[in-house]
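**Student:** Next comes upload39.pdb, PDB, C-alpha atoms and all ligand atoms:
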```pdb
ATOM      1  CA  MET A  18      -7.320  49.852  30.319  1.00  0.00           C
ATOM      2  CA  SER A  19      -4.214  52.025  30.658  1.00  0.00           C
ATOM      3  CA  THR A  20      -4.202  55.278  28.697  1.00  0.00           C
ATOM      4  CA  ASP A  21      -1.126  54.343  26.679  1.00  0.00           C
ATOM      5  CA  SER A  22      -2.893  51.371  25.141  1.00  0.00           C
ATOM      6  CA  ALA A  23      -6.067  53.328  24.372  1.00  0.00           C
ATOM      7  CA  ASN A  24      -5.068  54.004  20.764  1.00  0.00           C
ATOM      8  CA  THR A  25      -4.010  50.502  19.821  1.00  0.00           C
ATOM      9  CA  PRO A  26      -6.217  48.949  17.128  1.00  0.00           C
ATOM     10  CA  ALA A  27      -7.399  46.061  19.302  1.00  0.00           C
ATOM     11  CA  SER A  28      -9.175  44.358  16.411  1.00  0.00           C
ATOM     12  CA  ILE A  29      -5.862  43.589  14.656  1.00  0.00           C
ATOM     13  CA  PRO A  30      -4.616  40.160  15.785  1.00  0.00           C
ATOM     14  CA  VAL A  31      -1.239  39.811  17.496  1.00  0.00           C
ATOM     15  CA  LEU A  32       0.909  36.750  18.168  1.00  0.00           C
ATOM     16  CA  THR A  33       3.539  37.460  20.821  1.00  0.00           C
ATOM     17  CA  ILE A  34       6.694  35.335  20.937  1.00  0.00           C
ATOM     18  CA  ASP A  35       8.774  36.023  24.033  1.00  0.00           C
ATOM     19  CA  GLY A  36      11.777  34.227  25.460  1.00  0.00           C
ATOM     20  CA  PRO A  37      15.426  34.503  26.451  1.00  0.00           C
ATOM     21  CA  SER A  38      18.340  35.278  24.196  1.00  0.00           C
ATOM     22  CA  GLY A  39      19.081  32.475  21.714  1.00  0.00           C
ATOM     23  CA  SER A  40      15.762  30.680  22.205  1.00  0.00           C
ATOM     24  CA  GLY A  41      15.180  30.968  18.457  1.00  0.00           C
ATOM     25  CA  LYS A  42      12.576  33.738  18.756  1.00  0.00           C
ATOM     26  CA  GLY A  43      13.955  35.818  15.901  1.00  0.00           C
ATOM     27  CA  THR A  44      14.148  33.038  13.316  1.00  0.00           C
ATOM     28  CA  ILE A  45      10.868  31.441  14.373  1.00  0.00           C
ATOM     29  CA  SER A  46       8.988  34.747  14.555  1.00  0.00           C
ATOM     30  CA  ARG A  47      10.050  35.801  11.075  1.00  0.00           C
ATOM     31  CA  LEU A  48       9.111  32.441   9.569  1.00  0.00           C
ATOM     32  CA  VAL A  49       5.747  32.416  11.346  1.00  0.00           C
ATOM     33  CA  ALA A  50       5.077  36.004  10.215  1.00  0.00           C
ATOM     34  CA  ARG A  51       5.901  35.028   6.647  1.00  0.00           C
ATOM     35  CA  GLU A  52       3.661  31.971   6.870  1.00  0.00           C
ATOM     36  CA  LEU A  53       0.759  34.061   8.161  1.00  0.00           C
ATOM     37  CA  GLY A  54       1.469  37.052   5.892  1.00  0.00           C
ATOM     38  CA  TRP A  55       1.601  39.251   9.000  1.00  0.00           C
ATOM     39  CA  HIS A  56       3.949  42.102   9.964  1.00  0.00           C
ATOM     40  CA  TYR A  57       6.931  41.415  12.192  1.00  0.00           C
ATOM     41  CA  LEU A  58       8.296  43.397  15.146  1.00  0.00           C
ATOM     42  CA  ASP A  59      11.839  42.649  16.355  1.00  0.00           C
ATOM     43  CA  SER A  60      11.626  44.604  19.616  1.00  0.00           C
ATOM     44  CA  GLY A  61      15.140  43.557  20.673  1.00  0.00           C
ATOM     45  CA  ALA A  62      16.464  45.393  17.609  1.00  0.00           C
ATOM     46  CA  LEU A  63      14.978  48.628  18.985  1.00  0.00           C
ATOM     47  CA  TYR A  64      16.865  48.236  22.277  1.00  0.00           C
ATOM     48  CA  ARG A  65      20.014  47.212  20.401  1.00  0.00           C
ATOM     49  CA  ALA A  66      19.652  50.224  18.100  1.00  0.00           C
ATOM     50  CA  ILE A  67      19.508  52.555  21.095  1.00  0.00           C
ATOM     51  CA  GLY A  68      22.602  50.797  22.463  1.00  0.00           C
ATOM     52  CA  VAL A  69      24.451  51.299  19.182  1.00  0.00           C
ATOM     53  CA  ALA A  70      23.346  54.932  18.869  1.00  0.00           C
ATOM     54  CA  ALA A  71      24.473  55.538  22.464  1.00  0.00           C
ATOM     55  CA  GLY A  72      27.859  54.017  21.585  1.00  0.00           C
ATOM     56  CA  TRP A  73      28.217  56.216  18.505  1.00  0.00           C
ATOM     57  CA  ALA A  74      27.419  59.284  20.599  1.00  0.00           C
ATOM     58  CA  ASP A  75      29.834  58.127  23.309  1.00  0.00           C
ATOM     59  CA  LEU A  76      27.091  58.223  25.942  1.00  0.00           C
ATOM     60  CA  ASP A  77      27.699  56.852  29.421  1.00  0.00           C
ATOM     61  CA  LEU A  78      25.611  53.686  30.024  1.00  0.00           C
ATOM     62  CA  ALA A  79      25.419  54.775  33.659  1.00  0.00           C
ATOM     63  CA  ASP A  80      23.699  58.069  32.745  1.00  0.00           C
ATOM     64  CA  PRO A  81      19.966  57.261  32.384  1.00  0.00           C
ATOM     65  CA  ALA A  82      18.906  60.805  31.391  1.00  0.00           C
ATOM     66  CA  SER A  83      21.084  60.885  28.273  1.00  0.00           C
ATOM     67  CA  LEU A  84      19.973  57.345  27.317  1.00  0.00           C
ATOM     68  CA  VAL A  85      16.318  58.309  27.610  1.00  0.00           C
ATOM     69  CA  ARG A  86      16.960  61.309  25.316  1.00  0.00           C
ATOM     70  CA  CYS A  87      18.738  58.949  22.945  1.00  0.00           C
ATOM     71  CA  ALA A  88      15.710  56.589  22.971  1.00  0.00           C
ATOM     72  CA  PHE A  89      13.422  59.458  21.970  1.00  0.00           C
ATOM     73  CA  ASP A  90      15.769  61.021  19.394  1.00  0.00           C
ATOM     74  CA  THR A  91      17.152  57.987  17.557  1.00  0.00           C
ATOM     75  CA  ASP A  92      15.573  57.267  14.199  1.00  0.00           C
ATOM     76  CA  ILE A  93      15.196  53.488  13.722  1.00  0.00           C
ATOM     77  CA  SER A  94      13.825  51.905  10.562  1.00  0.00           C
ATOM     78  CA  PHE A  95      13.668  48.409   9.109  1.00  0.00           C
ATOM     79  CA  ARG A  96      14.113  47.345   5.499  1.00  0.00           C
ATOM     80  CA  GLU A  97      13.593  43.859   4.015  1.00  0.00           C
ATOM     81  CA  GLN A  98      16.479  42.814   1.765  1.00  0.00           C
ATOM     82  CA  GLY A  99      15.964  39.314   0.441  1.00  0.00           C
ATOM     83  CA  ASP A 100      15.938  37.091   3.526  1.00  0.00           C
ATOM     84  CA  GLU A 101      17.587  39.734   5.689  1.00  0.00           C
ATOM     85  CA  LEU A 102      15.953  42.421   7.765  1.00  0.00           C
ATOM     86  CA  LEU A 103      18.198  45.481   7.671  1.00  0.00           C
ATOM     87  CA  VAL A 104      18.107  47.894  10.589  1.00  0.00           C
ATOM     88  CA  LEU A 105      18.929  51.527   9.892  1.00  0.00           C
ATOM     89  CA  VAL A 106      19.952  53.687  12.834  1.00  0.00           C
ATOM     90  CA  ASN A 107      19.760  57.381  12.044  1.00  0.00           C
ATOM     91  CA  GLY A 108      19.838  56.400   8.373  1.00  0.00           C
ATOM     92  CA  THR A 109      22.981  54.230   8.635  1.00  0.00           C
ATOM     93  CA  ASP A 110      22.842  50.454   8.108  1.00  0.00           C
ATOM     94  CA  ALA A 111      23.727  49.066  11.568  1.00  0.00           C
ATOM     95  CA  THR A 112      22.531  45.470  10.969  1.00  0.00           C
ATOM     96  CA  THR A 113      25.904  43.779  11.584  1.00  0.00           C
ATOM     97  CA  GLU A 114      26.904  45.956  14.539  1.00  0.00           C
ATOM     98  CA  LEU A 115      23.502  45.377  16.119  1.00  0.00           C
ATOM     99  CA  ARG A 116      24.049  41.610  16.302  1.00  0.00           C
ATOM    100  CA  THR A 117      27.333  41.776  18.247  1.00  0.00           C
ATOM    101  CA  GLU A 118      27.387  40.701  21.888  1.00  0.00           C
ATOM    102  CA  THR A 119      28.595  44.210  22.780  1.00  0.00           C
ATOM    103  CA  ALA A 120      25.377  45.654  21.350  1.00  0.00           C
ATOM    104  CA  GLY A 121      23.344  42.935  23.095  1.00  0.00           C
ATOM    105  CA  ALA A 122      24.923  43.695  26.459  1.00  0.00           C
ATOM    106  CA  ALA A 123      24.398  47.455  25.976  1.00  0.00           C
ATOM    107  CA  ALA A 124      20.767  46.783  24.990  1.00  0.00           C
ATOM    108  CA  SER A 125      20.212  44.660  28.078  1.00  0.00           C
ATOM    109  CA  ALA A 126      21.642  47.390  30.352  1.00  0.00           C
ATOM    110  CA  ILE A 127      19.624  50.127  28.658  1.00  0.00           C
ATOM    111  CA  ALA A 128      16.479  47.988  28.727  1.00  0.00           C
ATOM    112  CA  ALA A 129      16.569  48.000  32.532  1.00  0.00           C
ATOM    113  CA  ILE A 130      15.827  51.759  32.574  1.00  0.00           C
ATOM    114  CA  PRO A 131      12.041  52.206  32.993  1.00  0.00           C
ATOM    115  CA  GLU A 132      11.914  55.539  31.098  1.00  0.00           C
ATOM    116  CA  VAL A 133      13.672  53.970  28.102  1.00  0.00           C
ATOM    117  CA  ARG A 134      11.074  51.204  28.066  1.00  0.00           C
ATOM    118  CA  SER A 135       8.288  53.798  28.221  1.00  0.00           C
ATOM    119  CA  ALA A 136       9.902  55.787  25.414  1.00  0.00           C
ATOM    120  CA  LEU A 137       9.779  52.716  23.158  1.00  0.00           C
ATOM    121  CA  LYS A 138       6.211  51.626  24.007  1.00  0.00           C
ATOM    122  CA  ALA A 139       4.360  53.649  21.395  1.00  0.00           C
ATOM    123  CA  ARG A 140       6.901  52.794  18.683  1.00  0.00           C
ATOM    124  CA  GLN A 141       6.337  49.111  19.336  1.00  0.00           C
ATOM    125  CA  ARG A 142       2.538  49.391  19.357  1.00  0.00           C
ATOM    126  CA  ASP A 143       2.659  51.241  16.025  1.00  0.00           C
ATOM    127  CA  PHE A 144       3.701  47.959  14.415  1.00  0.00           C
ATOM    128  CA  ARG A 145       0.201  46.594  15.025  1.00  0.00           C
ATOM    129  CA  GLN A 146      -1.042  46.918  11.480  1.00  0.00           C
ATOM    130  CA  ALA A 147      -3.514  44.843   9.432  1.00  0.00           C
ATOM    131  CA  PRO A 148      -3.679  41.982   8.714  1.00  0.00           C
ATOM    132  CA  GLY A 149      -1.763  41.081  11.902  1.00  0.00           C
ATOM    133  CA  LEU A 150       1.500  41.246  13.831  1.00  0.00           C
ATOM    134  CA  VAL A 151       4.035  38.760  15.134  1.00  0.00           C
ATOM    135  CA  ALA A 152       5.857  40.527  17.981  1.00  0.00           C
ATOM    136  CA  ASP A 153       9.164  39.105  19.208  1.00  0.00           C
ATOM    137  CA  GLY A 154      10.788  40.128  22.496  1.00  0.00           C
ATOM    138  CA  ARG A 155      10.814  39.753  26.255  1.00  0.00           C
ATOM    139  CA  ASP A 156       7.654  41.585  27.350  1.00  0.00           C
ATOM    140  CA  MET A 157       5.455  41.435  24.258  1.00  0.00           C
ATOM    141  CA  GLY A 158       2.799  39.284  25.935  1.00  0.00           C
ATOM    142  CA  THR A 159       3.096  40.809  29.396  1.00  0.00           C
ATOM    143  CA  VAL A 160       3.430  44.581  28.783  1.00  0.00           C
ATOM    144  CA  ILE A 161       3.289  45.730  25.159  1.00  0.00           C
ATOM    145  CA  PHE A 162       0.421  43.587  23.834  1.00  0.00           C
ATOM    146  CA  PRO A 163      -1.222  42.115  26.956  1.00  0.00           C
ATOM    147  CA  ASP A 164      -4.479  41.749  24.983  1.00  0.00           C
ATOM    148  CA  ALA A 165      -2.843  39.586  22.268  1.00  0.00           C
ATOM    149  CA  ALA A 166      -4.997  36.602  21.327  1.00  0.00           C
ATOM    150  CA  HIS A 167      -1.990  34.340  20.842  1.00  0.00           C
ATOM    151  CA  LYS A 168       1.026  34.152  23.153  1.00  0.00           C
ATOM    152  CA  VAL A 169       4.009  31.851  23.038  1.00  0.00           C
ATOM    153  CA  PHE A 170       7.076  31.660  25.306  1.00  0.00           C
ATOM    154  CA  LEU A 171      10.086  29.895  23.779  1.00  0.00           C
ATOM    155  CA  THR A 172      12.870  28.424  25.895  1.00  0.00           C
ATOM    156  CA  ALA A 173      15.916  26.223  25.285  1.00  0.00           C
ATOM    157  CA  SER A 174      18.810  25.099  27.469  1.00  0.00           C
ATOM    158  CA  ALA A 175      21.560  27.713  27.966  1.00  0.00           C
ATOM    159  CA  ASP A 176      24.119  25.401  26.298  1.00  0.00           C
ATOM    160  CA  GLU A 177      21.996  24.998  23.200  1.00  0.00           C
ATOM    161  CA  ARG A 178      21.257  28.726  23.045  1.00  0.00           C
ATOM    162  CA  ALA A 179      24.979  29.527  23.253  1.00  0.00           C
ATOM    163  CA  GLU A 180      25.705  27.036  20.464  1.00  0.00           C
ATOM    164  CA  ARG A 181      22.996  28.492  18.222  1.00  0.00           C
ATOM    165  CA  ARG A 182      24.317  32.018  18.777  1.00  0.00           C
ATOM    166  CA  TYR A 183      27.865  30.785  18.135  1.00  0.00           C
ATOM    167  CA  LYS A 184      26.895  29.321  14.747  1.00  0.00           C
ATOM    168  CA  GLN A 185      24.912  32.424  13.808  1.00  0.00           C
ATOM    169  CA  LEU A 186      27.735  34.841  14.650  1.00  0.00           C
ATOM    170  CA  LYS A 187      30.439  32.612  13.118  1.00  0.00           C
ATOM    171  CA  ASP A 188      28.444  32.485   9.872  1.00  0.00           C
ATOM    172  CA  LYS A 189      28.381  36.268   9.913  1.00  0.00           C
ATOM    173  CA  GLY A 190      32.134  36.426  10.498  1.00  0.00           C
ATOM    174  CA  VAL A 191      31.795  37.907  14.005  1.00  0.00           C
ATOM    175  CA  PRO A 192      34.734  36.715  16.200  1.00  0.00           C
ATOM    176  CA  VAL A 193      33.381  34.906  19.323  1.00  0.00           C
ATOM    177  CA  THR A 194      34.109  31.912  21.566  1.00  0.00           C
ATOM    178  CA  LEU A 195      31.506  29.408  22.759  1.00  0.00           C
ATOM    179  CA  ALA A 196      32.555  29.715  26.411  1.00  0.00           C
ATOM    180  CA  GLY A 197      32.407  33.519  26.226  1.00  0.00           C
ATOM    181  CA  LEU A 198      28.958  33.405  24.643  1.00  0.00           C
ATOM    182  CA  LEU A 199      27.617  31.033  27.305  1.00  0.00           C
ATOM    183  CA  ARG A 200      28.905  33.369  30.030  1.00  0.00           C
ATOM    184  CA  GLU A 201      27.296  36.380  28.341  1.00  0.00           C
ATOM    185  CA  ILE A 202      24.000  34.562  27.775  1.00  0.00           C
ATOM    186  CA  LEU A 203      23.776  33.537  31.436  1.00  0.00           C
ATOM    187  CA  ALA A 204      24.630  37.072  32.590  1.00  0.00           C
ATOM    188  CA  ARG A 205      22.057  38.564  30.225  1.00  0.00           C
ATOM    189  CA  ASP A 206      19.374  36.051  31.293  1.00  0.00           C
ATOM    190  CA  ALA A 207      19.951  36.987  34.919  1.00  0.00           C
ATOM    191  CA  ARG A 208      19.801  40.730  34.196  1.00  0.00           C
ATOM    192  CA  ASP A 209      16.696  40.456  31.977  1.00  0.00           C
ATOM    193  CA  ALA A 210      14.868  38.186  34.435  1.00  0.00           C
ATOM    194  CA  ASN A 211      15.729  40.116  37.596  1.00  0.00           C
ATOM    195  CA  ARG A 212      15.201  43.733  36.551  1.00  0.00           C
ATOM    196  CA  ALA A 213      12.460  45.592  38.390  1.00  0.00           C
ATOM    197  CA  VAL A 214      10.540  46.702  35.304  1.00  0.00           C
ATOM    198  CA  ALA A 215       9.083  44.274  32.728  1.00  0.00           C
ATOM    199  CA  PRO A 216      11.281  41.316  33.742  1.00  0.00           C
ATOM    200  CA  LEU A 217      11.583  38.374  31.370  1.00  0.00           C
ATOM    201  CA  ARG A 218       8.828  35.920  32.288  1.00  0.00           C
ATOM    202  CA  PRO A 219       6.030  34.123  30.441  1.00  0.00           C
ATOM    203  CA  ALA A 220       2.629  35.836  30.394  1.00  0.00           C
ATOM    204  CA  HIS A 221       0.147  33.879  32.521  1.00  0.00           C
ATOM    205  CA  ASP A 222      -1.764  32.996  29.341  1.00  0.00           C
ATOM    206  CA  ALA A 223       1.286  32.108  27.192  1.00  0.00           C
ATOM    207  CA  VAL A 224       1.954  28.621  25.845  1.00  0.00           C
ATOM    208  CA  CYS A 225       5.540  27.568  26.679  1.00  0.00           C
ATOM    209  CA  ILE A 226       7.544  25.606  24.125  1.00  0.00           C
ATOM    210  CA  ASP A 227      10.981  24.161  24.973  1.00  0.00           C
ATOM    211  CA  THR A 228      12.885  24.127  21.676  1.00  0.00           C
ATOM    212  CA  THR A 229      15.933  22.193  22.948  1.00  0.00           C
ATOM    213  CA  GLY A 230      16.766  19.555  20.331  1.00  0.00           C
ATOM    214  CA  ILE A 231      13.854  20.545  18.070  1.00  0.00           C
ATOM    215  CA  GLY A 232      14.400  21.728  14.486  1.00  0.00           C
ATOM    216  CA  ILE A 233      13.212  25.117  13.228  1.00  0.00           C
ATOM    217  CA  ASP A 234      10.432  23.794  10.960  1.00  0.00           C
ATOM    218  CA  GLU A 235       8.994  21.710  13.785  1.00  0.00           C
ATOM    219  CA  VAL A 236       8.959  24.712  16.147  1.00  0.00           C
ATOM    220  CA  VAL A 237       7.244  26.851  13.491  1.00  0.00           C
ATOM    221  CA  GLN A 238       4.552  24.168  13.123  1.00  0.00           C
ATOM    222  CA  ARG A 239       4.084  23.962  16.895  1.00  0.00           C
ATOM    223  CA  VAL A 240       3.751  27.741  17.189  1.00  0.00           C
ATOM    224  CA  LEU A 241       1.201  27.816  14.351  1.00  0.00           C
ATOM    225  CA  GLY A 242      -0.544  24.893  16.040  1.00  0.00           C
ATOM    226  CA  THR A 243      -0.969  26.825  19.297  1.00  0.00           C
ATOM    227  CA  MET A 244      -2.959  29.403  17.310  1.00  0.00           C
ATOM    228  CA  GLN A 245      -5.455  26.618  16.503  1.00  0.00           C
ATOM    229  CA  GLY A 246      -5.566  25.697  20.186  1.00  0.00           C
ATOM    230  CA  GLN A 247      -3.246  22.682  19.859  1.00  0.00           C
ATOM    231  CA  VAL A 248      -1.054  21.747  22.822  1.00  0.00           C
ATOM    232  CA  PRO A 249       2.636  21.819  21.675  1.00  0.00           C
TER     233      PRO A 249
HETATM  234  O1  LIG A 301      16.177  39.789  21.686  1.00  0.00           O
HETATM  235  P1  LIG A 301      17.548  40.487  21.708  1.00  0.00           P
HETATM  236  O2  LIG A 301      18.658  39.580  22.141  1.00  0.00           O
HETATM  237  O3  LIG A 301      17.830  41.172  20.423  1.00  0.00           O
HETATM  238  O4  LIG A 301      17.407  41.644  22.836  1.00  0.00           O
HETATM  239  C1  LIG A 301      18.493  42.425  23.243  1.00  0.00           C
HETATM  240  C2  LIG A 301      18.266  42.944  24.661  1.00  0.00           C
HETATM  241  O5  LIG A 301      17.179  43.881  24.645  1.00  0.00           O
HETATM  242  C3  LIG A 301      17.884  41.877  25.677  1.00  0.00           C
HETATM  243  O6  LIG A 301      18.989  41.449  26.432  1.00  0.00           O
HETATM  244  C4  LIG A 301      16.895  42.546  26.572  1.00  0.00           C
HETATM  245  C5  LIG A 301      16.363  43.704  25.790  1.00  0.00           C
HETATM  246  N1  LIG A 301      14.976  43.541  25.377  1.00  0.00           N
HETATM  247  C6  LIG A 301      14.006  43.858  26.292  1.00  0.00           C
HETATM  248  O7  LIG A 301      14.317  44.210  27.426  1.00  0.00           O
HETATM  249  N2  LIG A 301      12.702  43.809  25.936  1.00  0.00           N
HETATM  250  C7  LIG A 301      12.340  43.397  24.715  1.00  0.00           C
HETATM  251  N3  LIG A 301      11.049  43.357  24.388  1.00  0.00           N
HETATM  252  C8  LIG A 301      13.328  43.031  23.773  1.00  0.00           C
HETATM  253  C9  LIG A 301      14.651  43.092  24.145  1.00  0.00           C
END
```
Just give me the structure of the file as structure tokens.
Ligand code: DC
**Tutor:**
Amino acid sequence: MSTDSANTPASIPVLTIDGPSGSGKGTISRLVARELGWHYLDSGALYRAIGVAAGWADLDLADPASLVRCAFDTDISFREQGDELLVLVNGTDATTELRTETAGAAASAIAAIPEVRSALKARQRDFRQAPGLVADGRDMGTVIFPDAAHKVFLTASADERAERRYKQLKDKGVPVTLAGLLREILARDARDANRAVAPLRPAHDAVCIDTTGIGIDEVVQRVLGTMQGQVP
């Protein structure tokens, strides 16, 4: 076992839900966590928060050293508010800014820096608290919680993912176009899947679920079903 996983409380169960942008991970993971009464880690929010903090500090996305410092120094906390999960970056509510495509693209670029990923490892593992954790991201099952008992990989067609994102952002009043979102999603998929460190891919022991054309409640049931050993 690697030294950086030596302190993780291995007895606390983890369900990892990985997948590309817009695959429904966030919504599904939160609902599954609520259903199980487990904690929830939105690992993408950590990368987005570093992206936003870097933007506020006017850091150059091509300067890895300053981004690594930013990853160590930025205070990130989560607060439940009704159905919403607020993200505070250095004490300021950055929830809306975090969800923009600009923040997503910055997060994706920053996430390709190995030292940034290392800097965020311990923070992510700290979320493993009793009675259990649902961890949502790209490398939850492969790198952060490789010993997780339950692993799911969600996919959906790029068109459907772009449409879902479009509806989400429109509802939040964020100005976007469907064609622009599809372009950004494809570019982000390519960057996340092709980076040298922790590329987006299913863990060898993950159950893959294609959510194209399937409603949220049905996906939640299928994910819960995989924990009982059911084939989705
Ligand atoms: O899940 P998301 O769209 O909020 O993630 C934003 C970016 O952060 C995504 O493009 C890649 C990166 N990311 C990552 O590299 N590893 C994770 N575990 C989560 C997100």
**Student:** Please identify all protein, DNA and RNA residues within 6 Å of ligand LIG 301 (chain A), counting only C-alpha atoms and all ligand atoms, and report them as a list in words.
**Tutor:**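 Checking only C-alpha atoms and all ligand atoms against ligand LIG 301 (chain A) at 6 Å gives Ser38, Ser60, Gly61, Ala62, Tyr64, Arg65, Gly121, Ala124, Ser125, Ala128, Gly154, Arg155, Asp156, Met157, Arg205 and Asp209 of chain A.
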**Student:** Provide the CA of Ile29 (chain A) to CA of Lys138 (chain A) distance in Å, to one decimal place.
**Tutor:**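 Answer for the CA of Ile29 (chain A) to CA of Lys138 (chain A) separation: 17.3 Å.
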**Student:** Would you write out, as a list in words, every residue that the PyMOL selection byres (((chain A and resi 232-234) around 10) and not hetatm) captures in this file?
**Tutor:**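 Taken on the displayed file, the PyMOL selection byres (((chain A and resi 232-234) around 10) and not hetatm) yields the residues Gly41, Thr44, Ile45, Leu48, Val49, Thr228, Thr229, Gly230, Ile231, Glu235, Val236, Val237, Gln238, Arg239 and Val240 of chain A.
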**Student:** Evaluate the PyMOL selection byres (((chain A and resi 224) around 9) and not hetatm) on the structure here and hand back the selected residues as a ChimeraX atom specification.
**Tutor:** /A:167-171,219-223,225-226,240,243,248-249
**Student:** Run the PyMOL selection byres (((chain A and resi 70) around 12) and not hetatm) against the file shown and list the residues it catches, as an mmCIF file with C-alpha atoms, keeping the file's coordinate frame.
**Tutor:**
```
data_model
loop_
_atom_site.group_PDB
_atom_site.id
_atom_site.type_symbol
_atom_site.label_atom_id
_atom_site.label_comp_id
_atom_site.auth_asym_id
_atom_site.auth_seq_id
_atom_site.Cartn_x
_atom_site.Cartn_y
_atom_site.Cartn_z
ATOM 1 C CA ALA A 62 16.464 45.393 17.609
ATOM 2 C CA LEU A 63 14.978 48.628 18.985
ATOM 3 C CA TYR A 64 16.865 48.236 22.277
ATOM 4 C CA ARG A 65 20.014 47.212 20.401
ATOM 5 C CA ALA A 66 19.652 50.224 18.100
ATOM 6 C CA ILE A 67 19.508 52.555 21.095
ATOM 7 C CA GLY A 68 22.602 50.797 22.463
ATOM 8 C CA VAL A 69 24.451 51.299 19.182
ATOM 9 C CA ALA A 71 24.473 55.538 22.464
ATOM 10 C CA GLY A 72 27.859 54.017 21.585
ATOM 11 C CA TRP A 73 28.217 56.216 18.505
ATOM 12 C CA ALA A 74 27.419 59.284 20.599
ATOM 13 C CA ASP A 75 29.834 58.127 23.309
ATOM 14 C CA LEU A 76 27.091 58.223 25.942
ATOM 15 C CA ASP A 77 27.699 56.852 29.421
ATOM 16 C CA LEU A 78 25.611 53.686 30.024
ATOM 17 C CA SER A 83 21.084 60.885 28.273
ATOM 18 C CA LEU A 84 19.973 57.345 27.317
ATOM 19 C CA VAL A 85 16.318 58.309 27.610
ATOM 20 C CA ARG A 86 16.960 61.309 25.316
ATOM 21 C CA CYS A 87 18.738 58.949 22.945
ATOM 22 C CA ALA A 88 15.710 56.589 22.971
ATOM 23 C CA PHE A 89 13.422 59.458 21.970
ATOM 24 C CA ASP A 90 15.769 61.021 19.394
ATOM 25 C CA THR A 91 17.152 57.987 17.557
ATOM 26 C CA ASP A 92 15.573 57.267 14.199
ATOM 27 C CA ILE A 93 15.196 53.488 13.722
ATOM 28 C CA LEU A 105 18.929 51.527 9.892
ATOM 29 C CA VAL A 106 19.952 53.687 12.834
ATOM 30 C CA ASN A 107 19.760 57.381 12.044
ATOM 31 C CA GLY A 108 19.838 56.400 8.373
ATOM 32 C CA THR A 109 22.981 54.230 8.635
ATOM 33 C CA ASP A 110 22.842 50.454 8.108
ATOM 34 C CA ALA A 111 23.727 49.066 11.568
ATOM 35 C CA GLU A 114 26.904 45.956 14.539
ATOM 36 C CA LEU A 115 23.502 45.377 16.119
ATOM 37 C CA ALA A 120 25.377 45.654 21.350
ATOM 38 C CA ALA A 123 24.398 47.455 25.976
ATOM 39 C CA ALA A 124 20.767 46.783 24.990
ATOM 40 C CA ILE A 127 19.624 50.127 28.658
#
```
**Student:** Find the distance between CA of Asp227 (chain A) and CA of Ala173 (chain A) and write it in Å to one decimal.
**Tutor:**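 Going from CA of Asp227 (chain A) over to CA of Ala173 (chain A) covers 5.4 Å.
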